[in-house]
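Peer 1: So I've got this file, final04.cif, and it contains mmCIF, C-alpha atoms:
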data_input
#
loop_
_atom_site.label_atom_id
_atom_site.label_comp_id
_atom_site.auth_asym_id
_atom_site.auth_seq_id
_atom_site.Cartn_x
_atom_site.Cartn_y
_atom_site.Cartn_z
CA MET A 26 47.92 -56.99 -75.25
CA LYS A 27 46.27 -55.29 -72.28
CA LEU A 28 44.50 -58.52 -71.27
CA CYS A 29 47.78 -60.42 -71.56
CA ALA A 30 49.50 -57.93 -69.26
CA ILE A 31 46.74 -58.29 -66.67
CA VAL A 32 47.03 -62.08 -66.77
CA LEU A 33 50.82 -61.89 -66.37
CA LEU A 34 50.46 -59.48 -63.46
CA ALA A 35 47.98 -61.77 -61.73
CA ALA A 36 50.28 -64.75 -62.24
CA ALA A 37 53.25 -62.83 -60.84
CA THR A 38 51.24 -61.81 -57.80
CA HIS A 39 50.18 -65.40 -57.20
CA LEU A 40 53.75 -66.61 -57.61
CA THR A 41 55.03 -64.04 -55.13
CA ALA A 42 52.45 -65.15 -52.58
CA ALA A 43 53.48 -68.79 -53.07
CA GLU A 44 57.15 -68.00 -52.58
CA LEU A 45 56.93 -65.76 -49.52
CA PRO A 46 59.84 -66.33 -47.12
CA LYS A 47 59.03 -67.73 -43.69
CA ALA A 48 58.65 -65.13 -40.98
CA GLU A 49 61.26 -66.77 -38.76
CA THR A 50 63.75 -66.57 -41.63
CA LEU A 51 63.17 -62.83 -41.98
CA LEU A 52 63.44 -62.26 -38.23
CA ASP A 53 66.66 -64.23 -37.88
CA HIS A 54 68.12 -62.55 -40.96
CA TYR A 55 67.24 -59.14 -39.51
CA VAL A 56 69.59 -59.94 -36.62
CA GLU A 57 72.33 -60.86 -39.08
CA VAL A 58 72.01 -57.86 -41.40
CA THR A 59 71.96 -55.46 -38.46
CA GLY A 60 75.20 -56.82 -37.03
CA GLY A 61 74.80 -60.39 -35.84
CA ARG A 62 74.19 -62.00 -32.46
CA ALA A 63 77.76 -61.48 -31.21
CA ALA A 64 77.62 -57.71 -31.87
CA TYR A 65 74.33 -57.41 -29.99
CA GLU A 66 75.53 -59.50 -27.06
CA LYS A 67 78.53 -57.18 -26.56
CA ARG A 68 76.05 -54.44 -25.66
CA THR A 69 74.85 -54.46 -22.06
CA THR A 70 73.85 -50.81 -21.67
CA GLU A 71 72.94 -47.94 -23.98
CA TYR A 72 72.39 -44.19 -23.83
CA MET A 73 70.57 -42.29 -26.57
CA SER A 74 69.65 -38.63 -26.96
CA GLY A 75 68.12 -36.47 -29.62
CA SER A 76 65.10 -34.37 -30.54
CA ILE A 77 61.34 -34.78 -30.61
CA GLU A 78 58.98 -32.77 -32.81
CA LEU A 79 55.26 -32.51 -33.48
CA PRO A 80 55.29 -30.99 -37.01
CA ALA A 81 51.60 -30.05 -37.10
CA SER A 82 51.89 -27.76 -34.08
CA GLY A 83 55.54 -26.82 -34.42
CA VAL A 84 56.25 -28.08 -30.89
CA LYS A 85 59.78 -29.34 -30.26
CA GLY A 86 61.75 -30.83 -27.42
CA LYS A 87 64.56 -33.07 -26.28
CA VAL A 88 64.55 -36.81 -25.63
CA GLU A 89 66.93 -39.07 -23.68
CA MET A 90 66.88 -42.82 -23.15
CA TRP A 91 68.87 -45.16 -20.90
CA GLY A 92 68.70 -48.95 -21.25
CA ALA A 93 70.36 -51.95 -19.63
CA THR A 94 70.15 -55.71 -19.87
CA PRO A 95 67.91 -57.54 -19.39
CA ASP A 96 64.93 -55.17 -19.25
CA SER A 97 65.63 -51.85 -17.54
CA ARG A 98 64.83 -48.60 -19.32
CA VAL A 99 64.15 -44.94 -18.63
CA GLU A 100 62.85 -42.45 -21.20
CA MET A 101 62.78 -38.72 -20.57
CA MET A 102 61.24 -36.03 -22.76
CA ASP A 103 61.30 -32.26 -22.25
CA ILE A 104 58.68 -30.75 -24.54
CA GLU A 105 58.03 -27.06 -25.12
CA GLY A 106 54.84 -25.93 -23.42
CA VAL A 107 54.32 -29.36 -21.84
CA GLY A 108 57.27 -29.92 -19.54
CA ARG A 109 59.07 -33.10 -18.58
CA ILE A 110 57.65 -36.58 -19.09
CA GLU A 111 59.64 -39.46 -17.62
CA THR A 112 58.80 -43.17 -17.80
CA GLY A 113 60.84 -46.08 -16.54
CA THR A 114 61.13 -49.65 -15.39
CA ASP A 115 63.71 -51.66 -13.49
CA GLY A 116 62.32 -54.89 -14.92
CA LYS A 117 59.83 -55.32 -12.09
CA ILE A 118 57.87 -52.11 -11.63
CA GLY A 119 56.88 -49.51 -14.20
CA TRP A 120 56.23 -45.85 -13.52
CA GLU A 121 55.57 -42.46 -15.05
CA ASN A 122 56.21 -38.97 -13.75
CA SER A 123 54.99 -36.08 -15.86
CA ALA A 124 54.40 -32.38 -15.50
CA ILE A 125 50.78 -32.96 -16.56
CA MET A 126 49.63 -36.05 -14.63
CA GLY A 127 52.22 -36.18 -11.86
CA PRO A 128 53.70 -39.45 -10.57
CA ARG A 129 51.98 -42.80 -10.96
CA LEU A 130 52.69 -46.51 -11.00
CA GLN A 131 51.79 -48.64 -14.01
CA GLU A 132 49.61 -51.67 -13.42
CA GLY A 133 48.00 -54.59 -15.23
CA ALA A 134 48.19 -54.76 -19.01
CA GLU A 135 49.97 -51.40 -19.23
CA LEU A 136 52.75 -52.59 -16.93
CA ARG A 137 53.16 -55.88 -18.79
CA PHE A 138 53.32 -54.02 -22.13
CA HIS A 139 55.92 -51.60 -20.74
CA LEU A 140 58.06 -54.43 -19.37
CA ARG A 141 58.04 -56.25 -22.72
CA ASP A 142 58.83 -53.04 -24.56
CA ALA A 143 61.90 -52.49 -22.36
CA THR A 144 63.56 -55.77 -23.38
CA PHE A 145 67.21 -54.95 -24.12
CA ASN A 146 68.60 -56.20 -27.46
CA GLU A 147 65.02 -56.96 -28.45
CA PRO A 148 65.81 -58.48 -31.89
CA LEU A 149 67.57 -61.40 -30.17
CA HIS A 150 64.54 -62.28 -28.08
CA TRP A 151 61.65 -62.39 -30.53
CA ARG A 152 61.02 -66.10 -29.88
CA GLU A 153 60.49 -65.36 -26.18
CA MET A 154 58.25 -62.37 -26.84
CA TYR A 155 55.97 -63.67 -29.60
CA LYS A 156 53.95 -66.88 -29.84
CA LYS A 157 53.18 -66.76 -33.56
CA GLU A 158 54.66 -65.15 -36.66
CA GLU A 159 53.49 -65.38 -40.26
CA THR A 160 54.42 -63.76 -43.58
CA VAL A 161 51.09 -62.83 -45.17
CA GLY A 162 51.97 -60.82 -48.28
CA VAL A 163 53.86 -58.04 -49.99
CA GLU A 164 53.13 -54.33 -49.55
CA ASN A 165 54.95 -51.09 -50.37
CA VAL A 166 56.22 -48.74 -47.68
CA ASP A 167 56.99 -45.34 -49.18
CA GLY A 168 57.43 -47.04 -52.55
CA VAL A 169 59.70 -49.80 -51.21
CA PRO A 170 58.42 -53.40 -51.67
CA CYS A 171 58.24 -55.10 -48.27
CA TYR A 172 57.27 -58.45 -46.85
CA LYS A 173 54.31 -58.08 -44.50
CA VAL A 174 54.61 -60.16 -41.33
CA ILE A 175 51.99 -60.58 -38.60
CA MET A 176 53.58 -60.93 -35.15
CA THR A 177 51.39 -62.15 -32.28
CA PRO A 178 52.87 -61.38 -28.84
CA MET A 179 52.50 -63.63 -25.82
CA GLU A 180 50.01 -61.05 -24.56
CA GLY A 181 48.31 -58.26 -26.45
CA LYS A 182 47.10 -57.61 -29.96
CA PRO A 183 48.93 -58.76 -33.12
CA GLU A 184 51.46 -56.40 -34.68
CA THR A 185 52.35 -55.97 -38.35
CA TRP A 186 56.00 -55.66 -39.35
CA TYR A 187 57.23 -54.65 -42.81
CA PHE A 188 60.63 -55.99 -43.97
CA ASP A 189 62.40 -54.37 -46.93
CA GLN A 190 62.62 -57.09 -49.60
CA LYS A 191 66.17 -56.09 -50.56
CA THR A 192 67.77 -55.36 -47.18
CA ASP A 193 65.52 -57.28 -44.71
CA LEU A 194 65.50 -54.16 -42.52
CA VAL A 195 62.24 -53.34 -40.72
CA LEU A 196 60.79 -50.16 -42.25
CA LYS A 197 57.40 -49.99 -40.55
CA MET A 198 55.36 -51.42 -37.68
CA LEU A 199 51.69 -51.28 -36.83
CA ARG A 200 51.05 -51.99 -33.17
CA THR A 201 48.65 -51.31 -30.32
CA SER A 202 50.25 -49.68 -27.29
CA VAL A 203 48.72 -49.96 -23.83
CA THR A 204 48.77 -46.59 -22.04
CA SER A 205 47.16 -44.87 -19.07
CA MET A 206 44.48 -43.69 -21.51
CA GLY A 207 43.80 -47.19 -22.81
CA GLU A 208 44.84 -48.87 -26.05
CA VAL A 209 46.30 -46.68 -28.80
CA ASN A 210 46.79 -47.91 -32.35
CA GLY A 211 49.93 -46.53 -33.96
CA GLU A 212 52.01 -46.60 -37.11
CA TYR A 213 55.79 -46.43 -36.68
CA LEU A 214 58.20 -45.71 -39.53
CA MET A 215 61.87 -46.59 -38.95
CA LYS A 216 64.33 -44.53 -40.99
CA ASP A 217 68.01 -43.63 -41.36
CA TYR A 218 69.63 -46.85 -40.15
CA LYS A 219 73.19 -46.14 -39.02
CA ASP A 220 76.01 -48.22 -37.57
CA SER A 221 76.51 -48.00 -33.81
CA ASP A 222 79.53 -50.04 -32.78
CA GLY A 223 78.70 -52.88 -35.15
CA VAL A 224 74.90 -52.76 -34.89
CA LEU A 225 72.66 -51.03 -37.44
CA MET A 226 69.91 -49.03 -35.76
CA PRO A 227 67.17 -46.68 -37.02
CA THR A 228 68.04 -43.17 -35.88
CA MET A 229 64.69 -41.65 -36.80
CA MET A 230 61.21 -42.86 -35.89
CA ILE A 231 58.00 -41.29 -37.16
CA GLN A 232 55.00 -42.21 -35.05
CA LYS A 233 51.43 -41.64 -36.21
CA ALA A 234 48.79 -42.23 -33.55
CA ALA A 235 45.59 -40.63 -32.27
CA GLY A 236 45.65 -38.10 -35.11
CA GLN A 237 49.14 -36.88 -34.21
CA GLU A 238 52.52 -37.28 -35.91
CA ILE A 239 55.59 -37.37 -33.68
CA ARG A 240 59.14 -37.40 -35.04
CA VAL A 241 62.00 -38.60 -32.87
CA LYS A 242 65.57 -38.27 -34.15
CA PHE A 243 68.52 -39.66 -32.20
CA THR A 244 71.80 -37.82 -32.74
CA THR A 245 73.77 -39.57 -29.98
CA ILE A 246 73.85 -43.35 -29.45
CA THR A 247 76.38 -44.67 -26.94
CA PRO A 248 76.51 -48.45 -26.47
CA ASN A 249 77.95 -49.77 -23.19
CA ALA A 250 77.56 -46.33 -21.66
CA LYS A 251 78.44 -45.90 -17.99
CA ILE A 252 75.02 -45.53 -16.40
CA PRO A 253 74.73 -44.69 -12.68
CA PRO A 254 73.25 -47.63 -10.74
CA ASP A 255 70.40 -45.46 -9.48
CA ARG A 256 69.35 -44.33 -12.96
CA PHE A 257 66.62 -47.01 -13.04
CA VAL A 258 65.43 -46.30 -9.49
CA PRO A 259 62.05 -44.53 -9.47
CA PRO A 260 62.15 -40.84 -8.47
CA ALA A 261 61.15 -39.84 -4.96
CA GLU A 262 57.63 -38.82 -6.04
CA VAL A 263 56.99 -42.33 -7.36
CA LYS A 264 58.60 -44.01 -4.34
CA GLN A 265 56.03 -42.30 -2.13
CA LEU A 266 53.29 -44.15 -4.03
CA MET A 267 55.01 -47.44 -3.26
CA THR A 268 54.98 -46.83 0.50
CA PRO A 269 51.96 -48.50 2.17
CA ALA A 270 49.58 -46.05 3.78
CA PRO A 271 49.72 -46.12 7.58
CA LYS A 272 46.96 -48.10 9.26
CA LYS A 273 44.28 -46.19 11.13
CA GLY A 274 45.07 -45.80 14.80
CA SER A 275 48.81 -46.45 14.35
#
Could you quickly redo this structure as structure tokens?

Peer 2:
Amino acid sequence: MKLCAIVLLAAATHLTAAELPKAETLLDHYVEVTGGRAAYEKRTTEYMSGSIELPASGVKGKVEMWGATPDSRVEMMDIEGVGRIETGTDGKIGWENSAIMGPRLQEGAELRFHLRDATFNEPLHWREMYKKEETVGVENVDGVPCYKVIMTPMEGKPETWYFDQKTDLVLKMLRTSVTSMGEVNGEYLMKDYKDSDGVLMPTMMIQKAAGQEIRVKFTTITPNAKIPPDRFVPPAEVKQLMTPAPKKGS
């Protein structure tokens, strides 16, 4: 009986692998189950705010995010004992201004990663952002069976996305971020999907990277928020870095 059960289990596993849905089907269905193209396209701006926490150290703070089509975004965090960290892009330049490192401009691979990450209504644009996608298997995420999909961006290292088999919602991502400190491998858990004016969005993200766990929980999500035109303009400290140094003798 035990041998029979093992054989049946092996057969079921093989059958599941043979019947895996295509990655493009899962990605397109994700758009549908989270609200549909029309609901996304109604959104041209967004404001989000909430809390950030590092459970291991007990450090907490506040987080705010402003976004606008097609690819403008500013993120601001105020963290206890650290201070303010602000990053942003207007779709052309990327910058950071923090209490620790001061102001700086992003360049090269880091800038290109930041610009891609700021794409507004990202689920609608996966075909423009990735050159290859493939469903490679089934794996549990916190006990939930998920389809495992490898997503290869136009530039950068492949990412792994996990789609809930029942809901087609993305529950986890593995991706390599490009930062001022180099490449950082991270695990991102998406939780507590809630409706925001017709679009389902995860309101909690748990990030595990570089030996740290960071929890971000959004309590306010305002689509089509009225955002001041200068919100995506770099702060004065960053603007100074963009001004060419005067030539000697001038």

Peer 1: Give me, please, the distance in Å between atom CA of Asp53 of chain A and atom CA of Leu214 of chain A, quoted to one decimal.

Peer 2: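 Answer for the atom CA of Asp53 of chain A to atom CA of Leu214 of chain A separation: 20.4 Å.
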
Peer 1: Tell me which protein, DNA and RNA residues are within 6 Å of Pro248 of chain A, counting only C-alpha atoms, leaving out same-chain ones fewer than 2 positions away, and put them as a short mmCIF file (atom, residue, chain, number, x, y, z; two decimals) with C-alpha atoms, in the coordinates of the input.

Peer 2:
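Once written, around-v9.cif looks like this:
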data_model
loop_
_atom_site.label_atom_id
_atom_site.label_comp_id
_atom_site.auth_asym_id
_atom_site.auth_seq_id
_atom_site.Cartn_x
_atom_site.Cartn_y
_atom_site.Cartn_z
CA THR A 70 73.85 -50.81 -21.67
CA GLU A 71 72.94 -47.94 -23.98
CA ALA A 250 77.56 -46.33 -21.66
#

Peer 1: Can you give me, as a PyMOL selection string, the residues this file yields under the PyMOL selection byres ((chain A and resi 144) around 10)?

Peer 2: chain A and resi 92-98+116+139-143+145-151+154

Peer 1: Using all atoms listed in the file, determine which residues lie at most 10 Å from Tyr155 of chain A, disregarding the query and same-chain residues fewer than 3 positions distant; provide the list as an NGL selection string.

Peer 2: :A and (150-152 or 158 or 176-181 or 183-184)

Peer 1: For segment 226-233 of chain A, work out the shell of residues within 12 Å, counting only C-alpha atoms and skipping chain neighbours fewer than 5 positions away, then give it as a VMD selection string.

Peer 2: chain A and resid 55 to 56 58 to 60 65 73 to 81 146 to 148 194 to 202 209 to 221 238 to 248

Peer 1: Could you check which of A:Gln265, A:Thr204, A:Thr160, A:Thr192 is closest to Ile175 of chain A, using all atoms listed in the file?

Peer 2: A:Thr160

Peer 1: Considering only C-alpha atoms, return as a PyMOL selection string whatever protein or nucleic-acid residues lie within 10 Å of segment 255-261 of chain A, sequence-local ones (same chain, fewer than 3 positions apart) excluded.

Peer 2: chain A and resi 91-93+97-99+111-116+118-122+128+130+252+264-267

Peer 1: Quick one: distance from atom CA of Arg137 of chain A to atom CA of Glu208 of chain A in Å, one decimal?

Peer 2: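 So the answer is 13.1 Å.
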
Peer 1: Once the PyMOL selection byres ((chain A and resi 190) around 7) is applied to the coordinates I shared, what remains selected? I want it as a PyMOL selection string.

Peer 2: chain A and resi 170-172+188-189+191-193

Peer 1: Evaluate the PyMOL selection byres ((chain A and resi 101) around 7) here and jot the selected residues down as a PyMOL selection string.

Peer 2: chain A and resi 88-90+99-100+102-103+110-112

Peer 1: In terms of the shortest atom-to-atom distance over only C-alpha atoms, which of A:Val203, A:Arg109, A:Lys85, A:Ala63 is closest to Ala124 of chain A?

Peer 2: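 For Ala124 of chain A, the nearest of the candidates is A:Arg109.
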
Peer 1: In Å, rounded to a single decimal, give me how far atom CA of Ala235 of chain A is from atom CA of Glu132 of chain A.

Peer 2: 22.2 Å

Peer 1: Between A:Met206, A:Ala234, A:Gly86, A:Lys47, which is the closest to Met126 of chain A once you count all atoms listed in the file?

Peer 2: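 The answer is A:Met206, which sits nearest to Met126 of chain A.
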
Peer 1: Starting from the incomplete input, reconstruct all heavy atoms of segment 193-204 of chain A and write that as a tab-separated table (two decimals), in the frame of the given file.

Peer 2:
chain	number	residue	atom	x	y	z
A	193	ASP	N	66.09	-56.58	-45.87
A	193	ASP	CA	65.52	-57.28	-44.71
A	193	ASP	C	65.47	-56.39	-43.47
A	193	ASP	O	65.25	-56.87	-42.36
A	193	ASP	CB	66.28	-58.57	-44.39
A	193	ASP	CG	65.84	-59.72	-45.29
A	193	ASP	OD1	64.81	-59.58	-45.97
A	193	ASP	OD2	66.53	-60.75	-45.32
A	194	LEU	N	65.66	-55.08	-43.64
A	194	LEU	CA	65.50	-54.16	-42.52
A	194	LEU	C	64.02	-53.88	-42.28
A	194	LEU	O	63.22	-53.86	-43.23
A	194	LEU	CB	66.23	-52.85	-42.78
A	194	LEU	CG	67.75	-52.92	-42.91
A	194	LEU	CD1	68.32	-51.55	-43.25
A	194	LEU	CD2	68.39	-53.45	-41.63
A	195	VAL	N	63.63	-53.68	-41.03
A	195	VAL	CA	62.24	-53.34	-40.72
A	195	VAL	C	62.03	-51.85	-41.00
A	195	VAL	O	62.72	-51.00	-40.45
A	195	VAL	CB	61.92	-53.64	-39.25
A	195	VAL	CG1	60.49	-53.22	-38.92
A	195	VAL	CG2	62.10	-55.12	-38.95
A	196	LEU	N	61.06	-51.56	-41.88
A	196	LEU	CA	60.79	-50.16	-42.25
A	196	LEU	C	59.55	-49.60	-41.57
A	196	LEU	O	59.43	-48.38	-41.45
A	196	LEU	CB	60.63	-50.04	-43.77
A	196	LEU	CG	61.81	-50.48	-44.64
A	196	LEU	CD1	61.55	-50.10	-46.09
A	196	LEU	CD2	63.12	-49.87	-44.16
A	197	LYS	N	58.64	-50.49	-41.15
A	197	LYS	CA	57.40	-49.99	-40.55
A	197	LYS	C	56.81	-51.04	-39.62
A	197	LYS	O	56.98	-52.23	-39.83
A	197	LYS	CB	56.38	-49.61	-41.63
A	197	LYS	CG	55.09	-48.98	-41.08
A	197	LYS	CD	54.20	-48.44	-42.19
A	197	LYS	CE	53.35	-49.49	-42.83
A	197	LYS	NZ	52.30	-48.91	-43.70
A	198	MET	N	56.12	-50.56	-38.57
A	198	MET	CA	55.36	-51.42	-37.68
A	198	MET	C	53.99	-50.81	-37.44
A	198	MET	O	53.85	-49.59	-37.36
A	198	MET	CB	56.06	-51.58	-36.32
A	198	MET	CG	57.29	-52.45	-36.31
A	198	MET	SD	57.86	-52.64	-34.59
A	198	MET	CE	59.38	-53.57	-34.87
A	199	LEU	N	53.00	-51.66	-37.32
A	199	LEU	CA	51.69	-51.28	-36.83
A	199	LEU	C	51.48	-52.03	-35.53
A	199	LEU	O	51.58	-53.26	-35.49
A	199	LEU	CB	50.59	-51.65	-37.83
A	199	LEU	CG	50.71	-51.10	-39.26
A	199	LEU	CD1	49.57	-51.62	-40.12
A	199	LEU	CD2	50.72	-49.59	-39.25
A	200	ARG	N	51.21	-51.31	-34.45
A	200	ARG	CA	51.05	-51.99	-33.17
A	200	ARG	C	50.10	-51.21	-32.27
A	200	ARG	O	49.88	-50.00	-32.47
A	200	ARG	CB	52.41	-52.16	-32.48
A	200	ARG	CG	53.08	-50.88	-32.08
A	200	ARG	CD	54.53	-51.07	-31.68
A	200	ARG	NE	54.73	-52.14	-30.72
A	200	ARG	CZ	55.52	-52.03	-29.64
A	200	ARG	NH1	56.14	-50.90	-29.40
A	200	ARG	NH2	55.68	-53.04	-28.84
A	201	THR	N	49.56	-51.91	-31.29
A	201	THR	CA	48.65	-51.31	-30.32
A	201	THR	C	49.37	-51.17	-28.99
A	201	THR	O	49.74	-52.17	-28.37
A	201	THR	CB	47.39	-52.17	-30.14
A	201	THR	OG1	46.72	-52.31	-31.41
A	201	THR	CG2	46.43	-51.51	-29.16
A	202	SER	N	49.59	-49.94	-28.57
A	202	SER	CA	50.25	-49.68	-27.29
A	202	SER	C	49.21	-49.62	-26.19
A	202	SER	O	48.07	-49.21	-26.42
A	202	SER	CB	51.03	-48.36	-27.34
A	202	SER	OG	52.02	-48.39	-28.34
A	203	VAL	N	49.61	-50.03	-25.00
A	203	VAL	CA	48.72	-49.96	-23.83
A	203	VAL	C	49.22	-48.82	-22.96
A	203	VAL	O	50.36	-48.84	-22.47
A	203	VAL	CB	48.71	-51.28	-23.05
A	203	VAL	CG1	47.69	-51.19	-21.91
A	203	VAL	CG2	48.37	-52.45	-23.97
A	204	THR	N	48.39	-47.80	-22.76
A	204	THR	CA	48.77	-46.59	-22.04
A	204	THR	C	47.80	-46.33	-20.90
A	204	THR	O	46.81	-47.04	-20.72
A	204	THR	CB	48.79	-45.38	-22.98
A	204	THR	OG1	47.44	-45.00	-23.28
A	204	THR	CG2	49.51	-45.71	-24.29
